[in-house]
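Structure data follow from entry22.txt (compact mmCIF, C-alpha atoms):
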```txt
# COMPACT_ATOMS: atom_id res chain seq x y z
CA MET A 1 28.31 14.70 8.28
CA GLU A 2 24.87 16.31 8.30
CA HIS A 3 22.84 15.97 11.50
CA VAL A 4 19.07 16.49 11.70
CA ASP A 5 16.44 15.97 14.37
CA VAL A 6 14.10 13.61 12.47
CA VAL A 7 14.43 11.91 9.10
CA VAL A 8 11.31 10.64 7.33
CA ILE A 9 12.12 7.83 4.90
CA GLY A 10 9.57 7.90 2.11
CA GLY A 11 7.81 10.83 0.48
CA GLY A 12 4.47 9.28 -0.41
CA GLN A 13 1.21 9.73 1.48
CA SER A 14 2.60 8.25 4.70
CA GLY A 15 5.82 10.27 4.69
CA LEU A 16 3.99 13.48 3.86
CA ALA A 17 1.49 12.86 6.67
CA ALA A 18 4.34 12.19 9.09
CA ALA A 19 6.15 15.36 8.01
CA HIS A 20 2.96 17.38 8.47
CA ALA A 21 2.60 16.04 12.01
CA LEU A 22 6.24 16.86 12.77
CA ARG A 23 5.82 20.39 11.40
CA GLU A 24 2.75 20.83 13.59
CA GLU A 25 4.95 20.00 16.57
CA GLY A 26 7.52 22.62 15.59
CA LEU A 27 10.15 20.33 14.06
CA ALA A 28 11.76 20.59 10.62
CA PRO A 29 11.93 17.04 9.26
CA VAL A 30 13.98 15.98 6.27
CA ILE A 31 12.06 13.72 3.86
CA LEU A 32 14.09 11.27 1.77
CA GLU A 33 12.17 9.97 -1.26
CA VAL A 34 13.69 7.49 -3.70
CA SER A 35 11.66 8.56 -6.75
CA GLU A 36 11.89 11.88 -8.54
CA GLN A 37 8.71 13.36 -7.08
CA PRO A 38 7.02 13.24 -3.65
CA ALA A 39 4.08 11.09 -4.66
CA GLY A 40 5.24 7.69 -3.46
CA SER A 41 4.16 4.70 -5.54
CA TRP A 42 1.01 6.29 -6.96
CA PRO A 43 2.54 7.24 -10.36
CA ARG A 44 3.53 3.59 -10.88
CA TYR A 45 0.16 1.96 -10.20
CA TYR A 46 -1.86 0.59 -13.12
CA ASP A 47 -3.46 3.18 -15.39
CA SER A 48 -7.14 2.55 -14.62
CA LEU A 49 -6.80 2.62 -10.83
CA THR A 50 -9.38 4.71 -8.99
CA LEU A 51 -9.86 5.19 -5.28
CA PHE A 52 -12.54 3.16 -3.56
CA SER A 53 -13.19 6.02 -1.15
CA PRO A 54 -14.74 9.30 -2.36
CA ALA A 55 -12.74 12.52 -2.55
CA ALA A 56 -14.42 13.86 0.59
CA ARG A 57 -12.91 10.98 2.58
CA SER A 58 -9.52 10.76 0.87
CA SER A 59 -7.56 13.70 2.24
CA LEU A 60 -4.42 14.13 4.29
CA PRO A 61 -4.50 16.55 7.26
CA GLY A 62 -4.65 20.22 6.36
CA LEU A 63 -5.62 20.01 2.69
CA PRO A 64 -9.01 18.85 1.34
CA PHE A 65 -8.87 16.79 -1.85
CA GLY A 66 -11.05 19.31 -3.68
CA GLY A 67 -13.53 18.98 -6.54
CA ASP A 68 -16.73 16.95 -6.43
CA PRO A 69 -16.67 15.41 -2.93
CA ASP A 70 -18.65 12.34 -4.05
CA ARG A 71 -16.43 11.33 -6.98
CA TYR A 72 -13.88 8.52 -6.80
CA PRO A 73 -10.56 10.09 -7.85
CA HIS A 74 -8.36 8.56 -10.54
CA ARG A 75 -4.73 7.62 -9.92
CA ASP A 76 -3.44 10.75 -11.65
CA GLU A 77 -5.65 12.97 -9.49
CA VAL A 78 -4.09 11.41 -6.41
CA VAL A 79 -0.60 12.09 -7.78
CA ALA A 80 -1.50 15.73 -8.42
CA TYR A 81 -3.00 16.02 -4.93
CA LEU A 82 0.14 14.63 -3.25
CA LEU A 83 2.40 16.97 -5.24
CA ARG A 84 0.22 19.89 -4.21
CA TYR A 85 0.34 18.72 -0.61
CA ALA A 86 4.14 18.44 -0.65
CA GLU A 87 4.47 21.92 -2.13
CA ARG A 88 2.37 23.45 0.64
CA LEU A 89 4.07 21.45 3.36
CA ASP A 90 7.11 23.73 3.56
CA ALA A 91 9.41 20.84 4.40
CA ASP A 92 12.85 19.75 3.20
CA VAL A 93 11.93 17.11 0.60
CA ARG A 94 14.89 15.43 -1.10
CA THR A 95 13.86 13.33 -4.08
CA GLY A 96 16.03 10.80 -5.91
CA THR A 97 17.49 9.79 -2.56
CA ARG A 98 17.61 6.13 -1.57
CA VAL A 99 18.48 5.07 1.98
CA GLN A 100 20.80 2.08 1.84
CA GLU A 101 20.86 1.27 5.55
CA VAL A 102 20.17 2.63 9.00
CA SER A 103 22.37 1.77 11.96
CA MET A 104 23.18 3.19 15.39
CA SER A 105 26.26 5.26 16.11
CA ASP A 106 27.01 6.99 19.43
CA GLY A 107 23.37 6.94 20.48
CA ALA A 108 22.05 8.40 17.21
CA PHE A 109 20.71 6.87 14.03
CA SER A 110 23.22 6.80 11.20
CA LEU A 111 21.83 6.71 7.66
CA THR A 112 23.92 5.62 4.70
CA LEU A 113 22.57 6.74 1.34
CA GLU A 114 22.98 4.91 -1.95
CA THR A 115 25.42 7.63 -3.01
CA GLY A 116 27.65 6.77 -0.07
CA ASP A 117 26.79 9.98 1.77
CA ARG A 118 25.86 9.71 5.44
CA MET A 119 23.69 11.64 7.84
CA THR A 120 22.67 11.23 11.47
CA ALA A 121 19.36 11.83 13.18
CA ARG A 122 17.86 11.69 16.64
CA GLY A 123 14.70 10.10 15.29
CA VAL A 124 13.63 8.16 12.21
CA VAL A 125 10.15 7.68 10.77
CA ALA A 126 10.02 4.75 8.32
CA ALA A 127 7.26 5.54 5.84
CA SER A 128 8.54 3.82 2.71
CA GLY A 129 5.37 1.83 2.04
CA THR A 130 5.31 -1.55 0.33
CA PHE A 131 5.47 -1.04 -3.45
CA GLY A 132 9.16 -1.90 -3.59
CA ARG A 133 8.51 -5.35 -2.15
CA PRO A 134 5.82 -7.20 -4.15
CA HIS A 135 4.70 -10.46 -2.56
CA ARG A 136 5.12 -13.56 -4.69
CA PRO A 137 3.43 -16.45 -2.86
CA ALA A 138 4.42 -20.09 -3.09
CA LEU A 139 1.80 -21.31 -5.56
CA PRO A 140 1.77 -24.88 -6.93
CA GLY A 141 4.18 -25.08 -9.86
CA LEU A 142 4.65 -21.32 -10.24
CA ASP A 143 8.43 -21.62 -10.29
CA ASP A 144 8.13 -24.08 -13.19
CA PHE A 145 5.89 -21.84 -15.30
CA THR A 146 7.62 -20.94 -18.57
CA GLY A 147 5.14 -18.27 -19.64
CA THR A 148 5.07 -14.68 -18.43
CA VAL A 149 4.58 -13.84 -14.74
CA LEU A 150 3.69 -10.27 -13.79
CA HIS A 151 2.99 -8.79 -10.41
CA THR A 152 0.49 -5.95 -10.26
CA ALA A 153 3.49 -3.70 -9.57
CA GLU A 154 4.48 -4.37 -13.20
CA TYR A 155 1.01 -4.26 -14.76
CA ARG A 156 -0.10 -0.98 -16.31
CA ARG A 157 -2.77 -1.57 -18.98
CA PRO A 158 -4.57 -4.50 -20.68
CA GLU A 159 -3.59 -3.97 -24.32
CA PRO A 160 -0.20 -5.78 -24.18
CA LEU A 161 -2.03 -8.95 -23.06
CA ALA A 162 -4.75 -8.78 -25.73
CA GLY A 163 -5.73 -12.18 -27.14
CA GLN A 164 -3.88 -14.14 -24.48
CA ARG A 165 -5.03 -16.73 -21.96
CA VAL A 166 -4.49 -14.95 -18.65
CA VAL A 167 -4.87 -16.04 -15.04
CA VAL A 168 -5.09 -13.31 -12.40
CA VAL A 169 -4.32 -14.67 -8.93
CA GLY A 170 -5.94 -12.86 -6.03
CA ALA A 171 -9.22 -12.14 -4.28
CA GLY A 172 -9.03 -8.42 -3.47
CA ASN A 173 -9.86 -5.13 -5.13
CA SER A 174 -6.87 -4.97 -7.45
CA ALA A 175 -7.23 -8.59 -8.57
CA THR A 176 -10.89 -8.17 -9.41
CA GLN A 177 -10.50 -4.81 -11.09
CA ILE A 178 -7.57 -5.94 -13.26
CA ALA A 179 -9.24 -9.24 -14.17
CA ALA A 180 -12.44 -7.44 -15.20
CA GLU A 181 -10.65 -4.92 -17.42
CA LEU A 182 -8.44 -7.61 -18.97
CA ALA A 183 -11.52 -9.70 -19.79
CA ALA A 184 -12.45 -7.17 -22.49
CA HIS A 185 -9.16 -7.95 -24.28
CA ALA A 186 -8.26 -11.54 -23.32
CA ARG A 187 -9.69 -14.79 -21.94
CA VAL A 188 -9.29 -14.37 -18.20
CA THR A 189 -9.68 -16.44 -15.06
CA LEU A 190 -9.68 -14.90 -11.61
CA ALA A 191 -8.00 -17.60 -9.52
CA ALA A 192 -8.59 -17.06 -5.82
CA ARG A 193 -6.98 -18.78 -2.86
CA HIS A 194 -9.75 -17.37 -0.66
CA PRO A 195 -13.41 -16.67 -1.41
CA VAL A 196 -14.00 -13.38 -3.23
CA ARG A 197 -16.28 -11.33 -1.01
CA PHE A 198 -18.07 -8.31 -2.43
CA ALA A 199 -19.14 -5.23 -0.46
CA ARG A 200 -21.60 -2.73 -1.90
CA GLN A 201 -19.92 0.60 -2.56
CA ARG A 202 -22.98 2.63 -1.58
CA PRO A 203 -25.22 0.67 0.81
CA LEU A 204 -28.50 2.48 1.57
CA GLY A 205 -27.40 5.38 -0.66
CA ARG A 206 -24.28 6.27 1.33
CA ASP A 207 -20.68 5.45 0.49
CA LEU A 208 -19.35 2.49 2.44
CA HIS A 209 -16.66 4.67 4.03
CA TRP A 210 -19.32 6.96 5.46
CA TRP A 211 -20.72 3.96 7.29
CA LEU A 212 -17.26 2.78 8.42
CA GLN A 213 -16.50 6.18 9.93
CA ARG A 214 -19.98 6.69 11.33
CA THR A 215 -19.88 3.35 13.18
CA GLY A 216 -16.27 3.77 14.33
CA LEU A 217 -15.16 0.60 12.52
CA ASP A 218 -12.71 2.63 10.42
CA THR A 219 -10.69 3.70 13.46
CA LEU A 220 -11.19 0.76 15.82
CA PRO A 221 -7.70 0.06 17.25
CA VAL A 222 -7.59 -3.67 16.62
CA GLY A 223 -4.42 -3.82 14.53
CA ARG A 224 -2.18 -5.10 17.29
CA PHE A 225 -4.49 -8.06 17.89
CA LEU A 226 -4.39 -9.30 14.30
CA ARG A 227 -1.75 -11.89 13.58
CA THR A 228 -2.97 -12.17 9.97
CA PRO A 229 -4.85 -9.30 8.30
CA PRO A 230 -8.37 -10.33 7.21
CA THR A 231 -9.12 -11.01 3.56
CA GLN A 232 -9.82 -7.79 1.69
CA LEU A 233 -13.37 -7.08 0.59
CA VAL A 234 -13.97 -6.14 -3.04
CA ILE A 235 -15.76 -2.79 -2.98
CA ASP A 236 -18.18 -2.93 -5.88
CA ASP A 237 -20.74 -0.67 -7.51
CA GLY A 238 -22.21 -3.76 -9.16
CA ARG A 239 -19.90 -4.00 -12.16
CA TYR A 240 -17.48 -6.59 -10.82
CA ARG A 241 -20.04 -8.96 -9.37
CA ALA A 242 -21.89 -8.80 -12.72
CA ALA A 243 -18.67 -9.41 -14.67
CA VAL A 244 -17.85 -12.52 -12.62
CA ALA A 245 -21.43 -13.76 -12.91
CA ALA A 246 -21.13 -13.40 -16.71
CA GLY A 247 -17.86 -15.33 -16.74
CA ALA A 248 -15.71 -12.40 -17.83
CA PRO A 249 -13.60 -13.17 -15.87
CA ASP A 250 -14.57 -16.62 -14.72
CA LEU A 251 -13.80 -17.45 -11.09
CA ARG A 252 -11.95 -20.61 -10.01
CA PRO A 253 -9.77 -21.90 -7.18
CA VAL A 254 -6.03 -21.52 -7.81
CA PHE A 255 -4.47 -24.10 -10.13
CA SER A 256 -3.16 -27.26 -8.48
CA ALA A 257 -0.08 -27.70 -10.69
CA ILE A 258 1.85 -26.19 -13.59
CA ASP A 259 4.09 -27.93 -16.11
CA GLY A 260 5.75 -25.52 -18.53
CA THR A 261 2.83 -23.41 -19.73
CA LYS A 262 0.17 -26.02 -18.94
CA ALA A 263 -1.92 -25.40 -15.82
CA THR A 264 -3.91 -28.10 -14.07
CA TRP A 265 -7.05 -26.95 -12.26
CA THR A 266 -8.46 -28.49 -9.12
CA ASP A 267 -11.11 -30.35 -11.16
CA GLY A 268 -8.37 -32.09 -13.17
CA ALA A 269 -8.80 -30.03 -16.35
CA THR A 270 -5.62 -28.77 -18.04
CA GLU A 271 -4.97 -25.90 -20.45
CA GLU A 272 -2.23 -23.70 -21.84
CA ILE A 273 -1.67 -20.36 -20.06
CA ASP A 274 0.16 -17.39 -21.56
CA THR A 275 0.43 -15.01 -18.59
CA ILE A 276 -0.11 -15.13 -14.85
CA VAL A 277 -0.75 -11.82 -13.08
CA LEU A 278 -0.08 -11.94 -9.35
CA ALA A 279 -2.42 -9.57 -7.53
CA THR A 280 -1.10 -10.92 -4.26
CA GLY A 281 -0.19 -7.78 -2.41
CA TYR A 282 3.01 -6.43 -0.95
CA ARG A 283 5.10 -6.61 2.18
CA PRO A 284 6.70 -3.69 4.10
CA ASP A 285 9.70 -2.37 2.15
CA LEU A 286 12.04 -1.86 5.09
CA GLY A 287 15.23 -3.72 4.20
CA TYR A 288 17.32 -0.68 5.12
CA LEU A 289 16.45 -1.34 8.79
CA ARG A 290 18.00 -4.81 8.92
CA PRO A 291 21.34 -3.56 10.36
CA LEU A 292 19.37 -2.25 13.35
CA GLY A 293 17.79 -5.59 14.15
CA ALA A 294 14.41 -3.84 14.03
CA LEU A 295 12.77 -6.45 11.76
CA ASP A 296 11.69 -10.03 12.32
CA ALA A 297 12.86 -12.95 10.20
CA ASP A 298 10.22 -12.21 7.54
CA GLY A 299 11.17 -8.55 7.22
CA HIS A 300 8.21 -7.24 9.21
CA PRO A 301 8.85 -4.44 11.71
CA ARG A 302 8.79 -5.18 15.40
CA HIS A 303 6.43 -2.48 16.61
CA ARG A 304 3.39 -1.65 18.67
CA GLU A 305 0.93 0.62 16.88
CA GLY A 306 3.75 2.22 14.89
CA LEU A 307 6.34 2.60 17.63
CA SER A 308 9.39 0.37 17.41
CA THR A 309 9.73 -2.12 20.25
CA THR A 310 13.48 -2.39 19.58
CA HIS A 311 14.53 1.26 19.19
CA PRO A 312 12.61 4.03 21.01
CA GLY A 313 13.55 6.73 18.47
CA LEU A 314 12.21 4.72 15.52
CA ALA A 315 8.60 4.93 14.33
CA TYR A 316 6.52 3.66 11.44
CA VAL A 317 3.69 5.24 9.48
CA GLY A 318 1.52 3.64 6.80
CA LEU A 319 1.75 -0.03 7.74
CA GLU A 320 -1.26 -2.17 6.87
CA TRP A 321 -3.41 -2.51 10.01
CA GLN A 322 -0.78 -0.52 11.94
CA ARG A 323 -3.55 0.48 14.31
CA SER A 324 -6.82 0.20 12.41
CA LEU A 325 -8.53 -0.64 9.13
CA SER A 326 -7.62 2.76 7.66
CA SER A 327 -3.99 2.95 8.79
CA ASN A 328 -2.46 2.69 5.31
CA THR A 329 -5.05 4.80 3.48
CA LEU A 330 -5.24 8.47 2.54
CA ARG A 331 -8.15 8.93 4.93
CA GLY A 332 -6.48 7.30 7.92
CA VAL A 333 -2.72 7.69 7.70
CA GLY A 334 -2.75 11.28 9.01
CA ARG A 335 -4.44 10.19 12.20
CA ASP A 336 -1.84 7.48 12.83
CA ALA A 337 0.99 9.86 11.93
CA ALA A 338 -0.12 12.46 14.47
CA ARG A 339 -0.39 9.85 17.20
CA VAL A 340 3.00 8.30 16.46
CA VAL A 341 4.74 11.67 16.18
CA ARG A 342 3.42 12.84 19.57
CA ARG A 343 4.90 9.76 21.20
CA LEU A 344 8.15 10.03 19.25
CA ILE A 345 8.60 13.66 20.30
CA ALA A 346 7.95 12.74 23.91
CA HIS A 347 10.87 10.33 23.65
CA LEU A 348 13.14 12.82 21.90
CA GLY A 349 12.34 15.49 24.45
CA ALA A 350 13.33 13.18 27.26
CA ARG A 351 16.80 12.62 25.83
```
Once you've parsed the file, please lay out its structure as structure tokens.
Amino acid sequence: MEHVDVVVIGGGQSGLAAAHALREEGLAPVILEVSEQPAGSWPRYYDSLTLFSPAARSSLPGLPFGGDPDRYPHRDEVVAYLLRYAERLDADVRTGTRVQEVSMSDGAFSLTLETGDRMTARGVVAASGTFGRPHRPALPGLDDFTGTVLHTAEYRRPEPLAGQRVVVVGAGNSATQIAAELAAHARVTLAARHPVRFARQRPLGRDLHWWLQRTGLDTLPVGRFLRTPPTQLVIDDGRYRAAVAAGAPDLRPVFSAIDGTKATWTDGATEEIDTIVLATGYRPDLGYLRPLGALDADGHPRHREGLSTTHPGLAYVGLEWQRSLSSNTLRGVGRDAARVVRRLIAHLGAR
């Protein structure tokens, strides 16, 4: 059975940032990534996705994003950047490797892979993100809907939905962006459970993220005090607010009932719906940790700012609001990774 010091589960932005931090501390981590390339979920996001932070503020530690610093990189640029980062990392990256479960054996972590192979490690960094666990909320009548239901994890481009009556459920960036691009091909409603709140992308001529970093709001360590993450702001250069104002998409509260393909709105009106797109986010994809007892009943990790409160040798990187607003972003995950790794190594060194 292979034994290593630290295993990093997940080879996307969070896993790569964690591996970089471990390398900086003199360790040789093994990264286990389920897909065939170390780019995490980025290759599977919808085709038109662009970052809401400029290239200058979208880098992992040790490698600038490159190119025009003020541009907002496309999904494929992010994929290329992560592959370049992994290549320069000089770490043991094993793609096509799924971790089935993690347990404890003789004081060490024991990892069982989907192939049946096993390995042990002194420390584990869980950095598997959320894409593998789309959140499907309990919406009125959704289980009775006989049309098509897609989560944003399954949505790629608008053309397959052309000419349809589509409802996009959500109030964040992805919901608004997808609804606006679909509205050029279909009749679309953006159905929000919470008010859609817009934030100017470049207030006073500077990118919003410049202001967040300048004021310290981007790194304010308030994550542990938040029982429920705040509603996401829609970062807008003016296009999305204008699209909603023009009714393409139109904005309504979420339907109050569904019968077959007929939706009833809160004002009592009814109409036939072809497709519902759930832009309702994700939850941490950490099912492999259940044998440890490291998760709560809802599958969320028991942790404090990324350090497990159940197992001292277990850490997390890339959780939403793990420590701050930017914890699960390209610009912020490296900072969290370095902090978590320093504390993890302190524990390993004491053993």
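Of note, CA of Ala199 in chain A and CA of Ile235 in chain A are spaced 4.9 Å apart.
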Please build the interface table for range 62-179 of chain A against range 19-30 of chain A with a cut-off of 9 Å, listing for each qualifying residue the nearest atom pair and the distance in Å to one decimal; count all atoms listed in the file, order rows by chain and increasing number, and write it as a Markdown table.
```
| residue | atom | partner | partner_atom | distance |
| --- | --- | --- | --- | --- |
| A:Gly62 | CA | A:His20 | CA | 8.4 |
| A:Leu89 | CA | A:His20 | CA | 6.6 |
| A:Asp90 | CA | A:Arg23 | CA | 8.6 |
| A:Ala91 | CA | A:Ala28 | CA | 6.7 |
| A:Asp92 | CA | A:Val30 | CA | 5.0 |
| A:Val93 | CA | A:Val30 | CA | 6.1 |
| A:Arg94 | CA | A:Val30 | CA | 7.4 |
```
Do you know which residues are at most 8 Å from range 287-302 of chain A counting only C-alpha atoms, after dropping those on the same chain fewer than 3 positions away, and could you put them as a list in words? Val99, Gln100, Glu101, Val102, Ser103, Met104, Arg283, Pro284, Ser308, Thr309, Thr310 and His311 of chain A
Gln13 in chain A surroundings by only C-alpha atoms, 12 Å radius, close-in-sequence under 2 positions cut, as a PDB file with C-alpha atoms, in the frame of the given file:
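So result_4.pdb came out as:
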```pdb
ATOM      1  CA  VAL A   8      11.310  10.640   7.330  1.00  0.00           C
ATOM      2  CA  ILE A   9      12.120   7.830   4.900  1.00  0.00           C
ATOM      3  CA  GLY A  10       9.570   7.900   2.110  1.00  0.00           C
ATOM      4  CA  GLY A  11       7.810  10.830   0.480  1.00  0.00           C
ATOM      5  CA  GLY A  15       5.820  10.270   4.690  1.00  0.00           C
ATOM      6  CA  LEU A  16       3.990  13.480   3.860  1.00  0.00           C
ATOM      7  CA  ALA A  17       1.490  12.860   6.670  1.00  0.00           C
ATOM      8  CA  ALA A  18       4.340  12.190   9.090  1.00  0.00           C
ATOM      9  CA  ALA A  19       6.150  15.360   8.010  1.00  0.00           C
ATOM     10  CA  HIS A  20       2.960  17.380   8.470  1.00  0.00           C
ATOM     11  CA  ILE A  31      12.060  13.720   3.860  1.00  0.00           C
ATOM     12  CA  GLU A  33      12.170   9.970  -1.260  1.00  0.00           C
ATOM     13  CA  GLN A  37       8.710  13.360  -7.080  1.00  0.00           C
ATOM     14  CA  PRO A  38       7.020  13.240  -3.650  1.00  0.00           C
ATOM     15  CA  ALA A  39       4.080  11.090  -4.660  1.00  0.00           C
ATOM     16  CA  GLY A  40       5.240   7.690  -3.460  1.00  0.00           C
ATOM     17  CA  SER A  41       4.160   4.700  -5.540  1.00  0.00           C
ATOM     18  CA  TRP A  42       1.010   6.290  -6.960  1.00  0.00           C
ATOM     19  CA  SER A  58      -9.520  10.760   0.870  1.00  0.00           C
ATOM     20  CA  SER A  59      -7.560  13.700   2.240  1.00  0.00           C
ATOM     21  CA  LEU A  60      -4.420  14.130   4.290  1.00  0.00           C
ATOM     22  CA  PRO A  61      -4.500  16.550   7.260  1.00  0.00           C
ATOM     23  CA  VAL A  78      -4.090  11.410  -6.410  1.00  0.00           C
ATOM     24  CA  VAL A  79      -0.600  12.090  -7.780  1.00  0.00           C
ATOM     25  CA  ALA A  80      -1.500  15.730  -8.420  1.00  0.00           C
ATOM     26  CA  TYR A  81      -3.000  16.020  -4.930  1.00  0.00           C
ATOM     27  CA  LEU A  82       0.140  14.630  -3.250  1.00  0.00           C
ATOM     28  CA  LEU A  83       2.400  16.970  -5.240  1.00  0.00           C
ATOM     29  CA  ARG A  84       0.220  19.890  -4.210  1.00  0.00           C
ATOM     30  CA  TYR A  85       0.340  18.720  -0.610  1.00  0.00           C
ATOM     31  CA  ALA A  86       4.140  18.440  -0.650  1.00  0.00           C
ATOM     32  CA  ALA A 127       7.260   5.540   5.840  1.00  0.00           C
ATOM     33  CA  SER A 128       8.540   3.820   2.710  1.00  0.00           C
ATOM     34  CA  GLY A 129       5.370   1.830   2.040  1.00  0.00           C
ATOM     35  CA  VAL A 317       3.690   5.240   9.480  1.00  0.00           C
ATOM     36  CA  GLY A 318       1.520   3.640   6.800  1.00  0.00           C
ATOM     37  CA  LEU A 319       1.750  -0.030   7.740  1.00  0.00           C
ATOM     38  CA  SER A 327      -3.990   2.950   8.790  1.00  0.00           C
ATOM     39  CA  ASN A 328      -2.460   2.690   5.310  1.00  0.00           C
ATOM     40  CA  THR A 329      -5.050   4.800   3.480  1.00  0.00           C
ATOM     41  CA  LEU A 330      -5.240   8.470   2.540  1.00  0.00           C
ATOM     42  CA  ARG A 331      -8.150   8.930   4.930  1.00  0.00           C
ATOM     43  CA  GLY A 332      -6.480   7.300   7.920  1.00  0.00           C
ATOM     44  CA  VAL A 333      -2.720   7.690   7.700  1.00  0.00           C
ATOM     45  CA  GLY A 334      -2.750  11.280   9.010  1.00  0.00           C
ATOM     46  CA  ASP A 336      -1.840   7.480  12.830  1.00  0.00           C
ATOM     47  CA  ALA A 337       0.990   9.860  11.930  1.00  0.00           C
TER      48      ALA A 337
END
```
Top pick for closest residue to Ile178 in chain A, considering A:Thr152, A:Gln164, A:Thr115, A:Gln232 and counting all atoms listed in the file: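 Comparing A:Thr152, A:Gln164, A:Thr115, A:Gln232 against Ile178 in chain A, the winner is A:Thr152.
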With N, CA and C atoms as the target, complete range 250-261 of chain A and hand it back as a compact mmCIF listing (two decimals), keeping the file's coordinate frame.
```txt
# COMPACT_ATOMS: atom_id res chain seq x y z
N ASP A 250 -13.99 -15.52 -15.50
CA ASP A 250 -14.57 -16.62 -14.72
C ASP A 250 -13.77 -16.78 -13.43
N LEU A 251 -14.39 -17.34 -12.43
CA LEU A 251 -13.80 -17.45 -11.09
C LEU A 251 -13.55 -18.91 -10.76
N ARG A 252 -12.31 -19.23 -10.37
CA ARG A 252 -11.95 -20.61 -10.01
C ARG A 252 -10.98 -20.60 -8.83
N PRO A 253 -10.86 -21.75 -8.14
CA PRO A 253 -9.77 -21.90 -7.18
C PRO A 253 -8.43 -21.88 -7.91
N VAL A 254 -7.37 -21.56 -7.21
CA VAL A 254 -6.03 -21.52 -7.81
C VAL A 254 -5.66 -22.88 -8.37
N PHE A 255 -4.95 -22.87 -9.48
CA PHE A 255 -4.47 -24.10 -10.13
C PHE A 255 -3.75 -25.00 -9.13
N SER A 256 -3.80 -26.29 -9.38
CA SER A 256 -3.16 -27.26 -8.48
C SER A 256 -1.76 -27.65 -8.92
N ALA A 257 -1.43 -27.37 -10.19
CA ALA A 257 -0.08 -27.70 -10.69
C ALA A 257 0.16 -26.95 -11.99
N ILE A 258 1.44 -26.78 -12.31
CA ILE A 258 1.85 -26.19 -13.59
C ILE A 258 3.02 -26.99 -14.14
N ASP A 259 2.98 -27.26 -15.43
CA ASP A 259 4.09 -27.93 -16.11
C ASP A 259 4.37 -27.14 -17.38
N GLY A 260 5.46 -26.38 -17.39
CA GLY A 260 5.75 -25.52 -18.53
C GLY A 260 4.73 -24.40 -18.60
N THR A 261 3.91 -24.40 -19.63
CA THR A 261 2.83 -23.41 -19.73
C THR A 261 1.46 -24.04 -19.52
```
